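The next block is coords_32.cif, given as mmCIF, N, CA and C atoms.
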data_coords
loop_
_atom_site.label_atom_id
_atom_site.label_comp_id
_atom_site.auth_asym_id
_atom_site.auth_seq_id
_atom_site.Cartn_x
_atom_site.Cartn_y
_atom_site.Cartn_z
N MET Z 1 37.00 -103.76 86.30
CA MET Z 1 36.52 -103.51 84.95
C MET Z 1 37.71 -103.56 84.01
N SER Z 2 37.59 -104.38 82.99
CA SER Z 2 38.68 -104.49 82.03
C SER Z 2 38.59 -103.35 81.02
N GLU Z 3 39.65 -103.17 80.27
CA GLU Z 3 39.72 -102.09 79.29
C GLU Z 3 38.66 -102.23 78.20
N ASN Z 4 38.24 -103.46 77.89
CA ASN Z 4 37.29 -103.68 76.80
C ASN Z 4 35.83 -103.67 77.26
N GLU Z 5 35.58 -103.61 78.55
CA GLU Z 5 34.21 -103.59 79.04
C GLU Z 5 33.66 -102.17 79.01
N PRO Z 6 32.40 -102.02 78.59
CA PRO Z 6 31.80 -100.68 78.64
C PRO Z 6 31.73 -100.17 80.07
N ARG Z 7 31.96 -98.89 80.25
CA ARG Z 7 31.91 -98.30 81.58
C ARG Z 7 30.47 -98.30 82.12
N TYR Z 8 29.50 -98.13 81.24
CA TYR Z 8 28.09 -98.09 81.62
C TYR Z 8 27.35 -99.20 80.86
N PRO Z 9 27.45 -100.44 81.31
CA PRO Z 9 26.97 -101.57 80.53
C PRO Z 9 25.45 -101.63 80.34
N HIS Z 10 24.69 -100.90 81.13
CA HIS Z 10 23.24 -101.05 81.05
C HIS Z 10 22.53 -99.93 80.31
N ILE Z 11 23.25 -98.93 79.82
CA ILE Z 11 22.52 -97.82 79.20
C ILE Z 11 21.83 -98.23 77.91
N ARG Z 12 22.41 -99.16 77.18
CA ARG Z 12 21.73 -99.63 75.97
C ARG Z 12 20.44 -100.36 76.32
N GLU Z 13 20.51 -101.23 77.33
CA GLU Z 13 19.31 -101.95 77.76
C GLU Z 13 18.22 -100.98 78.20
N LEU Z 14 18.59 -99.98 78.97
CA LEU Z 14 17.61 -99.00 79.45
C LEU Z 14 16.99 -98.24 78.28
N ARG Z 15 17.83 -97.85 77.32
CA ARG Z 15 17.32 -97.14 76.14
C ARG Z 15 16.36 -98.01 75.35
N GLU Z 16 16.74 -99.25 75.12
CA GLU Z 16 15.90 -100.16 74.35
C GLU Z 16 14.61 -100.50 75.10
N ASP Z 17 14.68 -100.66 76.42
CA ASP Z 17 13.47 -100.92 77.21
C ASP Z 17 12.47 -99.77 77.11
N ALA Z 18 12.98 -98.56 76.92
CA ALA Z 18 12.13 -97.38 76.78
C ALA Z 18 11.71 -97.15 75.33
N ASP Z 19 12.08 -98.08 74.45
CA ASP Z 19 11.77 -97.97 73.01
C ASP Z 19 12.27 -96.66 72.41
N LEU Z 20 13.50 -96.29 72.77
CA LEU Z 20 14.12 -95.08 72.24
C LEU Z 20 15.30 -95.46 71.35
N SER Z 21 15.53 -94.64 70.35
CA SER Z 21 16.69 -94.86 69.48
C SER Z 21 17.88 -94.07 70.01
N GLN Z 22 19.04 -94.39 69.49
CA GLN Z 22 20.23 -93.61 69.84
C GLN Z 22 20.03 -92.15 69.43
N GLU Z 23 19.36 -91.92 68.31
CA GLU Z 23 19.10 -90.56 67.86
C GLU Z 23 18.20 -89.81 68.84
N ASP Z 24 17.20 -90.52 69.42
CA ASP Z 24 16.32 -89.90 70.41
C ASP Z 24 17.13 -89.41 71.62
N ILE Z 25 17.98 -90.27 72.13
CA ILE Z 25 18.79 -89.93 73.30
C ILE Z 25 19.79 -88.83 72.95
N ALA Z 26 20.42 -88.94 71.80
CA ALA Z 26 21.39 -87.93 71.38
C ALA Z 26 20.74 -86.55 71.28
N SER Z 27 19.53 -86.50 70.82
CA SER Z 27 18.82 -85.23 70.71
C SER Z 27 18.61 -84.60 72.09
N VAL Z 28 18.23 -85.41 73.05
CA VAL Z 28 18.04 -84.91 74.43
C VAL Z 28 19.36 -84.44 75.02
N LEU Z 29 20.43 -85.16 74.73
CA LEU Z 29 21.75 -84.82 75.26
C LEU Z 29 22.46 -83.73 74.46
N ASN Z 30 21.84 -83.34 73.35
CA ASN Z 30 22.42 -82.33 72.46
C ASN Z 30 23.81 -82.75 71.96
N CYS Z 31 23.86 -83.99 71.47
CA CYS Z 31 25.09 -84.50 70.86
C CYS Z 31 24.70 -85.30 69.63
N SER Z 32 25.67 -85.73 68.87
CA SER Z 32 25.38 -86.52 67.68
C SER Z 32 25.06 -87.96 68.06
N GLN Z 33 24.43 -88.67 67.16
CA GLN Z 33 24.12 -90.08 67.38
C GLN Z 33 25.42 -90.86 67.53
N VAL Z 34 26.43 -90.49 66.76
CA VAL Z 34 27.72 -91.17 66.84
C VAL Z 34 28.35 -90.97 68.21
N ALA Z 35 28.31 -89.73 68.71
CA ALA Z 35 28.87 -89.46 70.04
C ALA Z 35 28.14 -90.29 71.09
N TYR Z 36 26.81 -90.34 71.01
CA TYR Z 36 26.06 -91.13 71.98
C TYR Z 36 26.42 -92.62 71.87
N SER Z 37 26.59 -93.12 70.66
CA SER Z 37 26.93 -94.54 70.50
C SER Z 37 28.26 -94.85 71.17
N TYR Z 38 29.18 -93.88 71.16
CA TYR Z 38 30.46 -94.07 71.85
C TYR Z 38 30.26 -94.24 73.35
N TYR Z 39 29.29 -93.54 73.93
CA TYR Z 39 28.99 -93.74 75.35
C TYR Z 39 28.52 -95.17 75.60
N GLU Z 40 27.65 -95.65 74.72
CA GLU Z 40 27.11 -97.01 74.89
C GLU Z 40 28.19 -98.07 74.83
N ILE Z 41 29.14 -97.91 73.95
CA ILE Z 41 30.17 -98.94 73.81
C ILE Z 41 31.38 -98.69 74.69
N GLY Z 42 31.36 -97.57 75.43
CA GLY Z 42 32.45 -97.29 76.36
C GLY Z 42 33.65 -96.62 75.73
N ARG Z 43 33.49 -96.14 74.53
CA ARG Z 43 34.61 -95.47 73.85
C ARG Z 43 34.75 -94.02 74.30
N ARG Z 44 33.68 -93.51 74.89
CA ARG Z 44 33.67 -92.13 75.36
C ARG Z 44 33.11 -92.13 76.77
N ASP Z 45 33.64 -91.26 77.63
CA ASP Z 45 33.18 -91.17 79.01
C ASP Z 45 32.42 -89.87 79.22
N THR Z 46 31.60 -89.83 80.26
CA THR Z 46 30.88 -88.61 80.58
C THR Z 46 31.81 -87.59 81.19
N HIS Z 47 31.44 -86.35 81.08
CA HIS Z 47 32.21 -85.27 81.69
C HIS Z 47 31.81 -85.19 83.16
N ARG Z 48 32.78 -84.94 83.99
CA ARG Z 48 32.50 -84.79 85.41
C ARG Z 48 32.84 -83.36 85.82
N ASN Z 49 31.97 -82.80 86.62
CA ASN Z 49 32.20 -81.45 87.12
C ASN Z 49 33.30 -81.49 88.17
N SER Z 50 34.32 -80.71 87.99
CA SER Z 50 35.46 -80.74 88.91
C SER Z 50 35.34 -79.70 90.03
N HIS Z 51 34.19 -79.01 90.11
CA HIS Z 51 33.99 -77.97 91.13
C HIS Z 51 33.46 -78.57 92.40
#
Could you express the structure from this file as structure tokens?
Amino acid sequence: MSENEPRYPHIRELREDADLSQEDIASVLNCSQVAYSYYEIGRRDTHRNSH
């Protein structure tokens, strides 16, 4: 995976296939639409439990 490739390349497709907006998903995740958009483009990564 190159630095410019999204880490999760299919989450946008999955969201759009479900006819959901970024705001819909952000609401479920309890984050802002901007924060969620960063996940889609790979600018932000998910948190991993270290326990």
**Study point:** Atomic distance CA of Arg43 in chain Z - atom N of Ala18 in chain Z, expressed in Å with one decimal
**Key:**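 Atom-to-atom, CA of Arg43 in chain Z and atom N of Ala18 in chain Z are spaced 22.1 Å apart.
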Find the residues around range 33-39 of chain Z up to 6 Å (all atoms listed in the file counted), leave out those fewer than 5 positions away in its own chain, and share them as a CSV table (one decimal) with N, CA and C atoms, in the frame of the given file.
chain,number,residue,atom,x,y,z
Z,22,GLN,N,19.0,-94.4,69.5
Z,22,GLN,CA,20.2,-93.6,69.8
Z,22,GLN,C,20.0,-92.2,69.4
Z,23,GLU,N,19.4,-91.9,68.3
Z,23,GLU,CA,19.1,-90.6,67.9
Z,23,GLU,C,18.2,-89.8,68.8
Z,26,ALA,N,20.4,-88.9,71.8
Z,26,ALA,CA,21.4,-87.9,71.4
Z,26,ALA,C,20.7,-86.6,71.3
Z,44,ARG,N,33.7,-93.5,74.9
Z,44,ARG,CA,33.7,-92.1,75.4
Z,44,ARG,C,33.1,-92.1,76.8
Z,45,ASP,N,33.6,-91.3,77.6
Z,45,ASP,CA,33.2,-91.2,79.0
Z,45,ASP,C,32.4,-89.9,79.2
Review point. CA of Ile41 in chain Z and atom N of Arg7 in chain Z, how far apart in Å?
Key: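 Separation between atom N of Arg7 in chain Z and CA of Ile41 in chain Z: 6.7 Å.
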Exercise for review: Kindly give the distance, in Å, that separates CA of Tyr8 in chain Z and CA of Val28 in chain Z, rounded to a single decimal.
Suggested key: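 If I compute the distance from CA of Tyr8 in chain Z to CA of Val28 in chain Z, I get 18.1 Å.
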Box in all listed atoms of range 8-11 of chain Z, axis-aligned, with 6 Å more on each side; write out centre and edge lengths in Å to one decimal as lines of an AutoDock Vina configuration file.
center_x = 25.7
center_y = -99.7
center_z = 79.8
size_x = 19.7
size_y = 15.8
size_z = 15.7
